[in-house]
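data.txt follows; it contains compact mmCIF, C-alpha atoms.
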# COMPACT_ATOMS: atom_id res chain seq x y z
CA MET A 1 19.17 -8.48 26.80
CA ASP A 2 18.50 -9.60 23.26
CA LEU A 3 18.85 -6.61 21.00
CA LYS A 4 19.52 -8.49 17.79
CA LEU A 5 16.08 -7.61 16.41
CA TYR A 6 16.18 -3.94 17.38
CA ASN A 7 16.55 -1.92 14.18
CA LYS A 8 18.49 1.37 14.19
CA VAL A 9 16.74 2.49 11.00
CA PHE A 10 13.46 2.68 12.90
CA GLU A 11 14.92 4.64 15.78
CA ASN A 12 13.88 7.70 13.82
CA ARG A 13 10.25 8.55 14.56
CA ILE A 14 9.44 9.60 10.98
CA ARG A 15 10.78 6.41 9.43
CA LEU A 16 8.91 4.36 11.98
CA GLN A 17 5.67 6.19 11.16
CA VAL A 18 6.18 5.92 7.40
CA MET A 19 6.71 2.19 7.74
CA SER A 20 3.60 1.85 9.92
CA VAL A 21 1.53 3.55 7.24
CA LEU A 22 2.94 1.31 4.51
CA LEU A 23 2.30 -1.81 6.59
CA ALA A 24 -1.36 -0.86 6.99
CA ASN A 25 -1.87 0.09 3.33
CA ASP A 26 -0.87 -1.44 0.00
CA ALA A 27 0.54 1.84 -1.26
CA TYR A 28 0.62 5.51 -0.25
CA ASP A 29 1.55 8.58 -2.25
CA PHE A 30 3.98 11.32 -1.28
CA SER A 31 1.54 14.18 -0.72
CA SER A 32 -0.86 12.06 1.36
CA LEU A 33 2.06 10.93 3.53
CA LYS A 34 3.14 14.53 3.91
CA ASP A 35 -0.34 15.62 5.03
CA LEU A 36 -0.74 12.69 7.37
CA LEU A 37 2.60 13.11 9.13
CA GLU A 38 2.56 16.92 8.88
CA LEU A 39 6.09 17.17 7.52
CA THR A 40 7.97 19.36 5.07
CA ASP A 41 8.85 17.99 1.63
CA GLY A 42 12.55 17.84 2.37
CA ASN A 43 12.25 16.12 5.71
CA LEU A 44 9.94 13.43 4.40
CA ALA A 45 11.93 12.92 1.19
CA SER A 46 15.22 12.38 2.99
CA ASN A 47 13.70 9.76 5.29
CA LEU A 48 12.02 8.01 2.39
CA LYS A 49 15.37 7.95 0.64
CA THR A 50 16.91 6.18 3.63
CA LEU A 51 14.17 3.56 3.68
CA GLU A 52 14.57 3.07 -0.06
CA LYS A 53 18.33 2.63 0.28
CA GLU A 54 17.79 -0.03 2.94
CA GLY A 55 15.54 -1.84 0.45
CA TYR A 56 12.54 -1.55 2.76
CA ILE A 57 10.32 0.35 0.34
CA THR A 58 9.96 0.69 -3.42
CA VAL A 59 9.12 3.85 -5.35
CA GLU A 60 6.79 4.11 -8.30
CA LYS A 61 6.74 7.30 -10.30
CA SER A 62 3.92 8.10 -12.66
CA PHE A 63 1.81 10.99 -13.87
CA VAL A 64 -1.78 11.65 -12.84
CA ASP A 65 -3.43 14.47 -14.81
CA ARG A 66 0.04 15.50 -15.97
CA LYS A 67 1.13 16.01 -12.37
CA PRO A 68 3.90 13.82 -11.04
CA ASN A 69 2.63 11.23 -8.61
CA THR A 70 5.02 9.21 -6.48
CA ARG A 71 3.75 6.12 -4.74
CA TYR A 72 5.55 4.09 -2.09
CA LYS A 73 5.16 0.43 -1.23
CA LYS A 74 6.73 -1.79 1.40
CA THR A 75 9.00 -4.64 0.28
CA ASP A 76 9.02 -8.11 1.83
CA LYS A 77 12.35 -7.21 3.36
CA GLY A 78 10.87 -4.03 4.82
CA GLN A 79 7.90 -5.87 6.26
CA LYS A 80 10.14 -8.45 7.89
CA ALA A 81 12.43 -5.77 9.33
CA PHE A 82 9.48 -3.84 10.75
CA GLU A 83 7.90 -6.91 12.30
CA GLU A 84 11.21 -7.86 13.90
CA HIS A 85 11.57 -4.34 15.26
CA LEU A 86 8.10 -4.58 16.81
CA GLN A 87 9.13 -7.91 18.29
CA ALA A 88 12.19 -6.24 19.79
CA LEU A 89 10.04 -3.50 21.35
CA GLU A 90 7.72 -6.15 22.73
CA ASN A 91 10.65 -8.08 24.20
CA LEU A 92 11.98 -4.92 25.80
CA ILE A 93 8.65 -4.25 27.47
CA LYS A 94 8.40 -7.84 28.70
CA GLN A 95 11.92 -7.59 30.06
CA GLN A 96 11.04 -4.58 32.15
CA TYR A 97 7.94 -6.20 33.59
CA LYS A 98 10.01 -9.04 35.04
CA MET B 99 14.59 3.60 26.65
CA ASP B 100 12.26 3.10 29.56
CA GLN B 101 8.82 1.60 29.74
CA GLN B 102 6.99 4.88 29.05
CA ASP B 103 9.02 5.62 25.90
CA LEU B 104 8.40 2.15 24.56
CA ILE B 105 4.68 2.30 25.12
CA LYS B 106 4.55 5.74 23.53
CA GLU B 107 6.51 4.37 20.57
CA ILE B 108 4.04 1.56 20.06
CA GLY B 109 1.19 4.04 20.47
CA HIS B 110 2.62 6.08 17.59
CA ILE B 111 2.77 3.01 15.38
CA ARG B 112 -0.79 2.10 16.21
CA SER B 113 -2.22 5.56 15.66
CA MET B 114 -0.40 5.92 12.32
CA MET B 115 -1.74 2.59 11.12
CA GLU B 116 -5.26 3.58 12.09
CA LYS B 117 -5.12 7.15 10.88
CA SER B 118 -3.74 6.08 7.51
CA SER B 119 -6.20 3.28 6.86
CA LYS B 120 -9.42 4.32 8.61
CA PHE B 121 -11.66 7.25 7.79
CA ILE B 122 -12.78 8.41 11.22
CA SER B 123 -14.25 11.79 10.35
CA ILE B 124 -17.77 10.45 10.00
CA SER B 125 -19.84 12.37 12.50
CA GLY B 126 -22.16 10.49 14.84
CA LEU B 127 -24.50 13.45 15.15
CA SER B 128 -24.98 13.50 11.39
CA GLY B 129 -26.27 9.92 11.74
CA VAL B 130 -28.90 11.14 14.20
CA LEU B 131 -29.93 14.00 11.88
CA ILE B 132 -30.09 11.71 8.86
CA GLY B 133 -32.33 9.35 10.81
CA MET B 134 -34.63 12.26 11.62
CA TYR B 135 -34.83 13.36 7.99
CA ALA B 136 -35.88 9.80 7.16
CA LEU B 137 -38.62 9.95 9.78
CA ILE B 138 -39.88 13.26 8.38
CA GLY B 139 -39.84 11.78 4.87
CA ALA B 140 -41.72 8.71 6.08
CA PHE B 141 -44.31 10.95 7.76
CA LEU B 142 -44.86 12.89 4.51
CA ALA B 143 -45.21 9.65 2.60
CA TYR B 144 -47.62 8.30 5.20
CA ILE B 145 -50.05 11.22 5.10
CA LYS B 146 -49.99 11.16 1.30
CA VAL B 147 -50.81 7.48 1.04
CA PHE B 148 -52.89 6.84 4.13
CA GLY B 149 -54.30 10.31 4.70
CA PHE B 150 -54.95 11.89 8.08
CA ARG B 151 -58.26 10.39 9.00
CA SER B 152 -57.74 6.81 8.12
CA THR B 153 -57.00 4.08 10.58
CA PHE B 154 -54.25 1.67 9.83
CA ASP B 155 -56.08 -0.51 7.32
CA TYR B 156 -57.80 2.13 5.25
CA ARG B 157 -55.68 3.86 2.69
CA ASP B 158 -56.68 7.03 0.88
CA HIS B 159 -54.48 5.98 -2.01
CA TYR B 160 -52.65 2.95 -3.26
CA VAL B 161 -49.08 3.25 -4.38
CA THR B 162 -50.23 2.40 -7.86
CA ASP B 163 -52.54 5.46 -8.07
CA ASP B 164 -51.50 8.22 -10.45
CA GLY B 165 -49.02 10.68 -9.06
CA VAL B 166 -48.34 8.81 -5.84
CA VAL B 167 -45.16 7.11 -7.04
CA GLY B 168 -43.85 10.42 -8.36
CA TYR B 169 -44.55 12.12 -5.04
CA LEU B 170 -42.84 9.33 -3.09
CA VAL B 171 -39.79 9.44 -5.35
CA VAL B 172 -39.50 13.22 -4.87
CA VAL B 173 -39.70 12.84 -1.08
CA ALA B 174 -37.13 10.03 -1.09
CA VAL B 175 -34.71 11.98 -3.29
CA ALA B 176 -35.12 15.11 -1.12
CA VAL B 177 -34.33 13.07 2.02
CA LEU B 178 -31.35 11.48 0.27
CA LEU B 179 -29.93 14.85 -0.82
CA ALA B 180 -30.45 16.45 2.60
CA SER B 181 -28.74 13.43 4.20
CA LEU B 182 -25.78 13.53 1.82
CA ILE B 183 -25.23 17.26 2.35
CA THR B 184 -25.51 16.90 6.14
CA GLY B 185 -23.13 13.94 6.14
CA VAL B 186 -20.47 15.68 4.05
CA VAL B 187 -20.68 19.05 5.81
CA MET B 188 -20.45 17.50 9.29
CA ALA B 189 -17.65 15.15 8.24
CA LYS B 190 -15.75 18.18 6.96
CA ARG B 191 -16.20 19.96 10.26
CA LYS B 192 -15.08 16.94 12.26
CA ALA B 193 -12.12 16.40 9.93
CA SER B 194 -10.81 19.92 10.44
CA LYS B 195 -11.17 19.41 14.20
CA ILE B 196 -9.00 16.26 14.19
CA LYS B 197 -6.71 17.68 11.48
CA GLN B 198 -7.58 15.11 8.87
CA SER B 199 -8.69 16.08 5.38
CA VAL B 200 -12.06 14.73 4.21
CA TRP B 201 -10.76 13.94 0.77
CA ASN B 202 -7.86 11.60 1.49
CA VAL B 203 -6.63 8.15 0.57
CA THR B 204 -9.04 6.34 2.89
CA SER B 205 -12.14 8.35 2.10
CA ARG B 206 -11.49 7.73 -1.59
CA ALA B 207 -11.04 4.01 -0.96
CA MET B 208 -14.22 3.96 1.12
CA LEU B 209 -16.20 5.75 -1.58
CA LYS B 210 -14.93 3.27 -4.14
CA ALA B 211 -15.99 0.32 -2.00
CA VAL B 212 -19.41 1.80 -1.31
CA SER B 213 -20.12 2.93 -4.87
CA VAL B 214 -20.50 -0.49 -6.50
CA PRO B 215 -23.34 -1.86 -4.33
CA LEU B 216 -24.91 1.61 -4.09
CA MET B 217 -25.02 2.19 -7.86
CA ALA B 218 -26.18 -1.38 -8.46
CA GLY B 219 -28.98 -0.88 -5.93
CA GLY B 220 -30.00 2.48 -7.39
CA LEU B 221 -30.17 1.15 -10.94
CA PHE B 222 -31.96 -1.98 -9.77
CA ALA B 223 -34.60 0.14 -8.05
CA LEU B 224 -35.04 2.33 -11.15
CA LEU B 225 -35.59 -0.79 -13.22
CA LEU B 226 -38.14 -2.03 -10.70
CA ILE B 227 -40.02 1.28 -10.95
CA TRP B 228 -39.87 1.11 -14.73
CA LYS B 229 -41.20 -2.46 -14.74
CA GLY B 230 -43.84 -1.67 -12.13
CA TYR B 231 -42.61 -3.95 -9.35
CA TYR B 232 -43.21 -1.28 -6.72
CA GLU B 233 -43.63 -3.71 -3.84
CA LEU B 234 -40.00 -4.84 -4.17
CA ILE B 235 -38.40 -1.40 -3.97
CA ALA B 236 -38.45 -0.95 -0.19
CA SER B 237 -36.61 -4.17 0.50
CA THR B 238 -34.23 -3.80 -2.47
CA LEU B 239 -32.96 -0.41 -1.36
CA LEU B 240 -32.53 -1.55 2.25
CA ILE B 241 -30.57 -4.62 1.16
CA PHE B 242 -28.25 -2.81 -1.25
CA TYR B 243 -27.73 0.04 1.23
CA GLY B 244 -26.77 -2.50 3.88
CA LEU B 245 -24.34 -4.18 1.50
CA ALA B 246 -22.78 -0.82 0.68
CA LEU B 247 -22.34 -0.04 4.38
CA SER B 248 -20.69 -3.34 5.17
CA ALA B 249 -18.41 -2.94 2.13
CA GLY B 250 -17.38 0.54 3.28
CA SER B 251 -17.04 -0.45 6.94
CA VAL B 252 -13.57 -1.87 6.31
CA PHE B 253 -12.35 1.72 6.10
CA THR B 254 -14.11 3.19 9.12
CA PHE B 255 -15.69 2.42 12.52
CA LYS B 256 -16.61 -1.20 13.02
CA GLU B 257 -20.11 -0.14 14.09
CA VAL B 258 -20.86 0.63 10.43
CA ARG B 259 -20.55 -3.05 9.64
CA TRP B 260 -23.30 -3.89 12.15
CA LEU B 261 -25.47 -1.12 10.80
CA GLY B 262 -25.04 -2.67 7.34
CA VAL B 263 -25.88 -6.19 8.48
CA LEU B 264 -29.02 -4.98 10.27
CA GLU B 265 -30.14 -3.04 7.17
CA VAL B 266 -29.77 -6.20 5.08
CA CYS B 267 -31.81 -8.18 7.63
CA LEU B 268 -34.56 -5.54 7.59
CA GLY B 269 -34.55 -5.60 3.79
CA LEU B 270 -35.00 -9.35 3.74
CA ALA B 271 -37.77 -9.13 6.33
CA ALA B 272 -39.48 -6.44 4.24
CA LEU B 273 -39.74 -8.96 1.42
CA LEU B 274 -41.73 -11.24 3.71
CA PHE B 275 -44.23 -8.51 4.61
CA PRO B 276 -45.22 -6.76 1.39
CA GLY B 277 -47.16 -3.55 1.94
CA TYR B 278 -45.28 -2.64 5.10
CA GLY B 279 -42.25 -1.26 3.28
CA LEU B 280 -42.71 2.17 4.80
CA TRP B 281 -42.44 0.77 8.32
CA PHE B 282 -39.28 -1.08 7.45
CA TRP B 283 -37.86 2.17 6.10
CA VAL B 284 -38.82 3.94 9.32
CA CYS B 285 -36.82 1.30 11.19
CA GLY B 286 -33.89 1.02 8.77
CA PHE B 287 -33.31 4.56 7.59
CA GLY B 288 -34.80 6.31 10.62
CA LEU B 289 -34.39 4.48 13.92
CA LEU B 290 -31.23 2.51 13.08
CA HIS B 291 -29.42 5.66 11.95
CA ILE B 292 -30.41 7.50 15.11
CA ILE B 293 -29.27 4.64 17.37
CA TYR B 294 -26.05 4.18 15.40
CA GLY B 295 -25.40 7.94 15.53
CA PHE B 296 -25.79 8.01 19.30
CA ILE B 297 -23.46 5.04 19.76
CA VAL B 298 -20.73 6.56 17.57
CA TYR B 299 -21.17 9.95 19.22
CA LYS B 300 -20.91 8.51 22.74
CA LYS B 301 -17.99 6.28 21.90
CA TYR B 302 -15.76 8.44 19.68
CA GLU B 303 -16.66 12.13 20.11
Produce structure tokens that represent the structure in this file.
Amino acid sequence: MDLKLYNKVFENRIRLQVMSVLLANDAYDFSSLKDLLELTDGNLASNLKTLEKEGYITVEKSFVDRKPNTRYKKTDKGQKAFEEHLQALENLIKQQYK
Amino acid sequence: MDQQDLIKEIGHIRSMMEKSSKFISISGLSGVLIGMYALIGAFLAYIKVFGFRSTFDYRDHYVTDDGVVGYLVVVAVAVLLASLITGVVMAKRKASKIKQSVWNVTSRAMLKAVSVPLMAGGLFALLLIWKGYYELIASTLLIFYGLALSAGSVFTFKEVRWLGVLEVCLGLAALLFPGYGLWFWVCGFGLLHIIYGFIVYKKYE
């Protein structure tokens, strides 16, 4: 079985969901992500950190109405990794149908 | 991982992509109600202009008579406000049911997309009233409303896009039949909303 494309980073449900959101949108901010995924600050932040370290997402910090606003975007590398991971899932499903 | 896990995994990806980029809290029933408000408004406008007794071709008033335009504007604005309030309140209720907030990234993006054609249409219509081109208002508002819907449809159900296209078509047709603007509004703001509302309600709720 070809598991070259399968990505361990996305084995975690939260990271997979975060990446899905960032694939479907140009950018998403921290609090909206938190509401959408129904997570605690710490849990979300640590997973975002992992994705950032892998170079899959970029972080933009700014202030809106004097409140800190953190926005996340996918990188080209992140997009490629996610698409390959999807490909791997697809291959796995095909394999099992045979 | 077995088949079931994999399919569930892909389901999660799909639902996240949709939930994060589509605003699905728009209530179908509110579409039906809004259509009914439009029909009530059209009825009020009809008895003001055509009166009770008259047959189709005999009007009691013309739109250009004193006070008639003012009355029609008040009715239209009242219908608009009632529709907006109904839409927002019912969207809020539906949002809390599916645990989405009404004021989120997608609803903001949708509002942004809708606002440009809507404001342009509103100002255009005000200018038409100011200049006295009353016969163009019915079709103008239908066309710009349709454009706004199809602009906003990117962020919500795909049915909204069709609603928008049909509104534009009705608006264009209204230009070809001056004097029948009210009937085109009955179709566009009344009947189409009711049909659309039923379809969305049946399909998604």
Compute the distance from (-39.6, -3.2, -1.2) to each atom, counting only C-alpha atoms, keep the residues with any atom at most 9 Å away, and return them as a ChimeraX atom specification; use the coordinates of the file.
-> /B:231-240,269,272-273,276-280,282
Same residues, C-alpha atoms, output as a short mmCIF file (atom, residue, chain, number, x, y, z; two decimals), in the coordinates of the input:
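And here's out.cif as it stands now:
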data_model
loop_
_atom_site.label_atom_id
_atom_site.label_comp_id
_atom_site.auth_asym_id
_atom_site.auth_seq_id
_atom_site.Cartn_x
_atom_site.Cartn_y
_atom_site.Cartn_z
CA TYR B 231 -42.61 -3.95 -9.35
CA TYR B 232 -43.21 -1.28 -6.72
CA GLU B 233 -43.63 -3.71 -3.84
CA LEU B 234 -40.00 -4.84 -4.17
CA ILE B 235 -38.40 -1.40 -3.97
CA ALA B 236 -38.45 -0.95 -0.19
CA SER B 237 -36.61 -4.17 0.50
CA THR B 238 -34.23 -3.80 -2.47
CA LEU B 239 -32.96 -0.41 -1.36
CA LEU B 240 -32.53 -1.55 2.25
CA GLY B 269 -34.55 -5.60 3.79
CA ALA B 272 -39.48 -6.44 4.24
CA LEU B 273 -39.74 -8.96 1.42
CA PRO B 276 -45.22 -6.76 1.39
CA GLY B 277 -47.16 -3.55 1.94
CA TYR B 278 -45.28 -2.64 5.10
CA GLY B 279 -42.25 -1.26 3.28
CA LEU B 280 -42.71 2.17 4.80
CA PHE B 282 -39.28 -1.08 7.45
#
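Comparing the minimum interatomic distances between B:Met217 and each of B:Gly185, B:Phe275, B:Tyr243, B:Leu170, counting only C-alpha atoms, we find that B:Tyr243 sits nearest.
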Contact residues around stretch 35-40 of chain A with all atoms listed in the file at 10 Å, ignoring same-chain residues under 4 positions, as a list in words |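 Once the nearby chain positions are removed, what remains is Ile14, Gln17, Val18, Val21, Phe30, Ser31, Leu44 and Ala45 of chain A; Met114, Lys117, Ser118, Lys197, Gln198, Ser199 and Asn202 of chain B.
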Interface residues on chain B facing chain A, 12 Å, only C-alpha atoms, written as a VMD selection string = chain B and resid 99 to 120 196 to 207 253
Provide the atom CA of B:Ile227 to atom CA of B:Val172 distance in Å, to one decimal place.
->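 That distance, rounded to one decimal, is 13.4 Å.
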Atom CA of A:Ile57 to atom CA of A:Val9, distance in Å rounded to a single decimal =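 Here the two named atoms are 12.6 Å from each other.
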May I ask for the distance between atom CA of B:Tyr294 and atom CA of B:Thr184, given in Å to one decimal place?
->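 Computing the Euclidean distance for atom CA of B:Tyr294 and atom CA of B:Thr184 yields 15.7 Å.
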Mind checking which residues fall within 9 Å of B:Val284, counting all atoms listed in the file, ignoring those fewer than 4 positions away in the same chain, and posting them as a list of chain:residue names?
->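 My reading of the contact set: B:Gly133, B:Ala136, B:Leu137, B:Ala140, B:Gly279, B:Leu280, B:Gly288, B:Leu289, B:Leu290.
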Could those residues be written to a file, using C-alpha atoms, as a PDB file, keeping the file's coordinate frame?
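That gives us result-v6.pdb:
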ATOM      1  CA  GLY B 133     -32.330   9.350  10.810  1.00  0.00           C
ATOM      2  CA  ALA B 136     -35.880   9.800   7.160  1.00  0.00           C
ATOM      3  CA  LEU B 137     -38.620   9.950   9.780  1.00  0.00           C
ATOM      4  CA  ALA B 140     -41.720   8.710   6.080  1.00  0.00           C
ATOM      5  CA  GLY B 279     -42.250  -1.260   3.280  1.00  0.00           C
ATOM      6  CA  LEU B 280     -42.710   2.170   4.800  1.00  0.00           C
ATOM      7  CA  GLY B 288     -34.800   6.310  10.620  1.00  0.00           C
ATOM      8  CA  LEU B 289     -34.390   4.480  13.920  1.00  0.00           C
ATOM      9  CA  LEU B 290     -31.230   2.510  13.080  1.00  0.00           C
TER      10      LEU B 290
END
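With distances taken over all atoms listed in the file, B:Phe255 is the one residue among B:Gly220, B:Ile145, B:Phe255, B:Leu274 lying closest to B:Lys301.
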Spatial neighbours of A:Asn69, max dist 9 Å, only C-alpha atoms, sep filter under 2 positions, as a ChimeraX atom specification | /A:29-31,60-64,66-67,71
May I ask which of the residues B:Gly168, B:Leu179, B:Ile122, B:Tyr299 is the closest one to B:Trp228, counting all atoms listed in the file?
->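 Distance minimum relative to B:Trp228 lands on B:Gly168.
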Smallest atom-to-atom distance to B:Ala174: which of B:Ile297, B:Leu245, B:Cys267, B:Phe287, using all atoms listed in the file?
->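 Using all atoms listed in the file, the shortest distance to B:Ala174 belongs to B:Phe287.
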Which polymer residues, protein or nucleic acid, are no farther than 9 Å from (-17.3, 5.9, 1.1), counting all atoms listed in the file, as a PyMOL selection string?
-> chain B and resi 121+204-213+246-247+249-251+253
Using all atoms listed in the file, which residues sit within 9 Å of A:Asn47 once same-chain residues fewer than 4 positions away are excluded, as a PyMOL selection string?
-> chain A and resi 12+14-15+18+42-43+51-52
Near stretch 187-191 of chain B, counting all atoms listed in the file, which residues have an atom at most 7 Å away, once you skip same-chain residues fewer than 3 positions from it, shown as a list in words?
->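 Counting only the stated atoms, we get Ser123, Ile124, Ser125, Ser128, Ile183, Thr184, Ser194, Lys195 and Val200 of chain B.
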May I ask which of the residues B:Leu182, B:Ala271, B:Val252, B:Ile292 is the closest one to B:Met134, counting all atoms listed in the file?
->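 Of B:Leu182, B:Ala271, B:Val252, B:Ile292, the one nearest B:Met134, counting all atoms listed in the file, is B:Ile292.
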